[in-house]
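Visitor: Starting off with a structure, shown below.
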Amino acid sequence: MKLTWYGHSCFGLYSADGSVIFDPYSPASVPGISLPELTADAVICSHFHGDHGYEQGVKLTGEKPRFSVTRLDTFHDGVRGALRGKNTVSAVDAEKMRIVHMGDIGHMLSSKQLEKLGSVDVLMIPVGGHYTVDARTAREIVDALKPRIVIPMHYRGEGFGYDVISTADEFVSLSENVRYYDTNELEISPDTPKITAVLKCPVR
């Protein structure tokens, strides 16, 4: 299985059970990055703001993926959606692993929500704050879910991201087994060790 980060909160999951693009962003919606031409079996959007819900940016293969998807209704802020609306957390079960994309989660999960997500192998989680949870709340979610692999997203870096959100530095400082990659791709298997994987953003 391979995960590819296309910047911001957009990832491609390519597995033996099918492929999916999470949260494609519209042209010029995120400073410093642009969406490449993408093809997949499915598209999953956590919500439909321009920087997460550009479904038309992905060409569908017409193939039906064999993975299953569990959706969890959450909020884009800490006041039950009053500021920014709803957000959907998605869990994809493929190749006997559970891969969870948190979208623009804006709050700590409840015990019932944590129970629904269950055992998580890979967690993609926003860490930049302002529009989403900040580094410390992201860390609380990670500690509660105990995923084997954590991939931070939705943060500001050199040459990319919104000025109002933070870098990944604070989240990284709170994390263990941190590994920086010089690529935006990560190969994942049941044998992949416990890591916090900081991928390289494809600045364009």
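Letters for chains follow the order of the structure tokens (A, B, ...), residue numbers begin at 1 for each chain, and ligand numbers begin at 1 in the order shown.
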Name the residues in contact with Cys45 (chain A) at a cut-off of 9 Å, using only C-alpha atoms, excluding same-chain residues fewer than 3 positions from it; report them as number ranges by chain.

Guide: A: 21-24, 48, 52-55, 88, 90, 103

Visitor: I'd like the contact shell of region 150-159 of chain A - 9 Å cut-off, only C-alpha atoms, skipping same-chain residues fewer than 2 positions apart - returned as a ChimeraX atom specification.

Guide: /A:5,7-10,31-33,103-104,121-129,132,142,147-148,161-168,171-172,194-199,201,203-204

Visitor: From the DSSP assignment of the backbone, select every residue of region 3-109 of chain A that is strand (DSSP E or B), and format the answer as a ChimeraX atom specification.

Guide: /A:3-5,11-15,18-22,38-40,42-44,58-60,68-75,86-94,97-101

Visitor: Return as a list in words the full set of residues in region 46-130 of chain A whose backbone-based DSSP assignment is helix (DSSP H, G or I).

Guide: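 Everything in region 46-130 of chain A that counts as helix (DSSP H, G or I) is Glu55, Gln56, Gly57, Ser111, Lys112, Gln113, Leu114, Glu115, Lys116 and Leu117 of chain A.
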
Visitor: Suppose we keep all heavy atoms; can you now write the selection as an mmCIF file, in the first residue's frame?

Guide:
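The resulting file, result12.cif, is shown below:
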data_model
loop_
_atom_site.group_PDB
_atom_site.id
_atom_site.type_symbol
_atom_site.label_atom_id
_atom_site.label_comp_id
_atom_site.auth_asym_id
_atom_site.auth_seq_id
_atom_site.Cartn_x
_atom_site.Cartn_y
_atom_site.Cartn_z
ATOM 1 N N GLU A 55 -13.964 17.704 -5.976
ATOM 2 C CA GLU A 55 -14.149 16.356 -6.534
ATOM 3 C C GLU A 55 -13.829 16.292 -8.023
ATOM 4 O O GLU A 55 -13.289 15.290 -8.516
ATOM 5 C CB GLU A 55 -15.590 15.903 -6.322
ATOM 6 C CG GLU A 55 -15.950 15.579 -4.895
ATOM 7 C CD GLU A 55 -17.384 15.104 -4.773
ATOM 8 O OE1 GLU A 55 -18.289 15.786 -5.318
ATOM 9 O OE2 GLU A 55 -17.613 14.059 -4.137
ATOM 10 N N GLN A 56 -14.159 17.364 -8.737
ATOM 11 C CA GLN A 56 -13.956 17.359 -10.183
ATOM 12 C C GLN A 56 -12.472 17.375 -10.565
ATOM 13 O O GLN A 56 -12.134 17.215 -11.743
ATOM 14 C CB GLN A 56 -14.681 18.535 -10.837
ATOM 15 C CG GLN A 56 -14.289 19.910 -10.329
ATOM 16 C CD GLN A 56 -15.142 20.395 -9.182
ATOM 17 O OE1 GLN A 56 -15.404 19.657 -8.238
ATOM 18 N NE2 GLN A 56 -15.583 21.643 -9.259
ATOM 19 N N GLY A 57 -11.609 17.548 -9.596
ATOM 20 C CA GLY A 57 -10.172 17.508 -9.865
ATOM 21 C C GLY A 57 -9.611 16.107 -9.967
ATOM 22 O O GLY A 57 -8.416 15.930 -10.224
ATOM 23 N N SER A 111 -15.818 9.745 23.553
ATOM 24 C CA SER A 111 -15.513 8.328 23.784
ATOM 25 C C SER A 111 -16.246 7.443 22.778
ATOM 26 O O SER A 111 -15.700 6.442 22.307
ATOM 27 C CB SER A 111 -15.874 7.934 25.215
ATOM 28 O OG SER A 111 -17.243 8.190 25.489
ATOM 29 N N LYS A 112 -17.479 7.812 22.428
ATOM 30 C CA LYS A 112 -18.229 7.028 21.435
ATOM 31 C C LYS A 112 -17.589 7.120 20.057
ATOM 32 O O LYS A 112 -17.530 6.138 19.315
ATOM 33 C CB LYS A 112 -19.684 7.514 21.377
ATOM 34 C CG LYS A 112 -20.520 7.114 22.582
ATOM 35 C CD LYS A 112 -21.968 7.513 22.398
ATOM 36 C CE LYS A 112 -22.810 7.063 23.585
ATOM 37 N NZ LYS A 112 -24.250 7.439 23.421
ATOM 38 N N GLN A 113 -17.094 8.310 19.700
ATOM 39 C CA GLN A 113 -16.435 8.476 18.406
ATOM 40 C C GLN A 113 -15.129 7.691 18.354
ATOM 41 O O GLN A 113 -14.819 7.051 17.344
ATOM 42 C CB GLN A 113 -16.184 9.955 18.142
ATOM 43 C CG GLN A 113 -17.456 10.742 17.863
ATOM 44 C CD GLN A 113 -17.233 12.231 17.811
ATOM 45 O OE1 GLN A 113 -16.410 12.782 18.536
ATOM 46 N NE2 GLN A 113 -17.970 12.908 16.931
ATOM 47 N N LEU A 114 -14.390 7.726 19.433
ATOM 48 C CA LEU A 114 -13.149 6.957 19.503
ATOM 49 C C LEU A 114 -13.440 5.468 19.381
ATOM 50 O O LEU A 114 -12.724 4.733 18.677
ATOM 51 C CB LEU A 114 -12.421 7.249 20.813
ATOM 52 C CG LEU A 114 -11.849 8.659 20.968
ATOM 53 C CD1 LEU A 114 -11.411 8.890 22.411
ATOM 54 C CD2 LEU A 114 -10.681 8.885 20.016
ATOM 55 N N GLU A 115 -14.497 5.027 20.025
ATOM 56 C CA GLU A 115 -14.864 3.615 19.969
ATOM 57 C C GLU A 115 -15.255 3.205 18.554
ATOM 58 O O GLU A 115 -14.912 2.108 18.100
ATOM 59 C CB GLU A 115 -16.021 3.349 20.927
ATOM 60 C CG GLU A 115 -16.439 1.893 21.009
ATOM 61 C CD GLU A 115 -17.578 1.653 21.989
ATOM 62 O OE1 GLU A 115 -17.987 2.610 22.669
ATOM 63 O OE2 GLU A 115 -18.068 0.508 22.056
ATOM 64 N N LYS A 116 -15.948 4.093 17.846
ATOM 65 C CA LYS A 116 -16.364 3.766 16.475
ATOM 66 C C LYS A 116 -15.162 3.629 15.549
ATOM 67 O O LYS A 116 -15.145 2.767 14.667
ATOM 68 C CB LYS A 116 -17.312 4.838 15.935
ATOM 69 C CG LYS A 116 -17.869 4.497 14.550
ATOM 70 C CD LYS A 116 -18.936 5.466 14.099
ATOM 71 C CE LYS A 116 -19.481 5.065 12.730
ATOM 72 N NZ LYS A 116 -20.566 5.957 12.260
ATOM 73 N N LEU A 117 -14.146 4.463 15.745
ATOM 74 C CA LEU A 117 -12.951 4.366 14.902
ATOM 75 C C LEU A 117 -12.136 3.125 15.230
ATOM 76 O O LEU A 117 -11.478 2.562 14.354
ATOM 77 C CB LEU A 117 -12.097 5.619 15.053
ATOM 78 C CG LEU A 117 -12.650 6.884 14.397
ATOM 79 C CD1 LEU A 117 -11.724 8.062 14.651
ATOM 80 C CD2 LEU A 117 -12.849 6.688 12.892
#

Visitor: What does the distance between CA of Asp93 (chain A) and CA of Glu140 (chain A) come to in Å, to one decimal place?

Guide: 23.2 Å

Visitor: Which neighbours of Leu13 (chain A) fall inside 7 Å, counting only C-alpha atoms, when residues of the same chain fewer than 6 positions from it are skipped, and could you give them as a VMD selection string?

Guide: chain A and resid 2 to 4 19 to 21

Visitor: Report, in Å to a single decimal, how far apart CA of Ala138 (chain A) and CA of Tyr180 (chain A) are.

Guide: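 Going from CA of Tyr180 (chain A) over to CA of Ala138 (chain A) covers 18.6 Å.
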
Visitor: Identify, on the basis of only C-alpha atoms, every residue whose closest approach to His76 (chain A) does not exceed 6 Å; exclude the query and any residue fewer than 4 positions from it along the same chain; express the result as a ChimeraX atom specification.

Guide: /A:81,84-87,104-106

Visitor: Using only C-alpha atoms for the distances, tell me which of A:Asp191, A:Glu170, A:Asp143, A:Asp51 is nearest to Met97 (chain A).

Guide: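 Under the stated criterion, the closest residue is A:Asp191.
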
Visitor: Would you mind listing what lies within 7 Å of Ile141 (chain A) as a VMD selection string, with only C-alpha atoms counted and same-chain residues fewer than 3 positions away left out?

Guide: chain A and resid 108 to 109 137 to 138 144 to 145

Visitor: Can you write just those residues out, N, CA, C and O atoms, as a compact mmCIF listing (two decimals), in the first residue's frame?

Guide:
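Contents of the output file again-v9.txt:
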# COMPACT_ATOMS: atom_id res chain seq x y z
N MET A 108 -11.69 17.63 20.06
CA MET A 108 -11.37 16.31 20.57
C MET A 108 -12.55 15.37 20.33
O MET A 108 -13.71 15.80 20.38
N LEU A 109 -12.27 14.12 20.04
CA LEU A 109 -13.33 13.15 19.81
C LEU A 109 -13.92 12.67 21.12
O LEU A 109 -13.24 12.57 22.14
N THR A 137 -4.13 19.52 20.78
CA THR A 137 -5.35 18.72 20.66
C THR A 137 -5.14 17.56 19.70
O THR A 137 -5.65 16.46 19.91
N ALA A 138 -4.38 17.81 18.62
CA ALA A 138 -4.04 16.72 17.70
C ALA A 138 -3.30 15.62 18.45
O ALA A 138 -3.55 14.42 18.25
N ALA A 144 -5.23 9.10 22.22
CA ALA A 144 -6.45 8.34 22.46
C ALA A 144 -6.63 7.20 21.46
O ALA A 144 -7.06 6.10 21.83
N LEU A 145 -6.28 7.44 20.19
CA LEU A 145 -6.47 6.42 19.16
C LEU A 145 -5.31 5.43 19.08
O LEU A 145 -5.48 4.30 18.64

Visitor: Between CA of Ser34 (chain A) and CA of His130 (chain A), measure the distance and give it in Å to one decimal.

Guide: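 Spanning CA of Ser34 (chain A) to CA of His130 (chain A) is a straight-line distance of 21.9 Å.
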
Visitor: Given only C-alpha atoms as the basis, pick out the residue of A:Gly50, A:Pro36, A:Pro190, A:Pro202 nearest to Lys96 (chain A).

Guide: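 The answer is A:Pro190, which sits nearest to Lys96 (chain A).
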
Visitor: Using only C-alpha atoms, which residue out of A:Ser119, A:Ser46, A:Ser173, A:Ser68 lies closest to Met102 (chain A)?

Guide: A:Ser46

Visitor: Using only C-alpha atoms for the distances, tell me which of A:Ile99, A:Val43, A:Ala16, A:Ala135 is nearest to Met1 (chain A).

Guide: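 Selected residue with least distance to Met1 (chain A): A:Ala16.
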
Visitor: From the set A:Arg136, A:His49, A:Ala82, A:His101, which residue has the shortest atom-to-atom contact distance to Thr70 (chain A), counting only C-alpha atoms?

Guide: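 Selected residue with least distance to Thr70 (chain A): A:His101.
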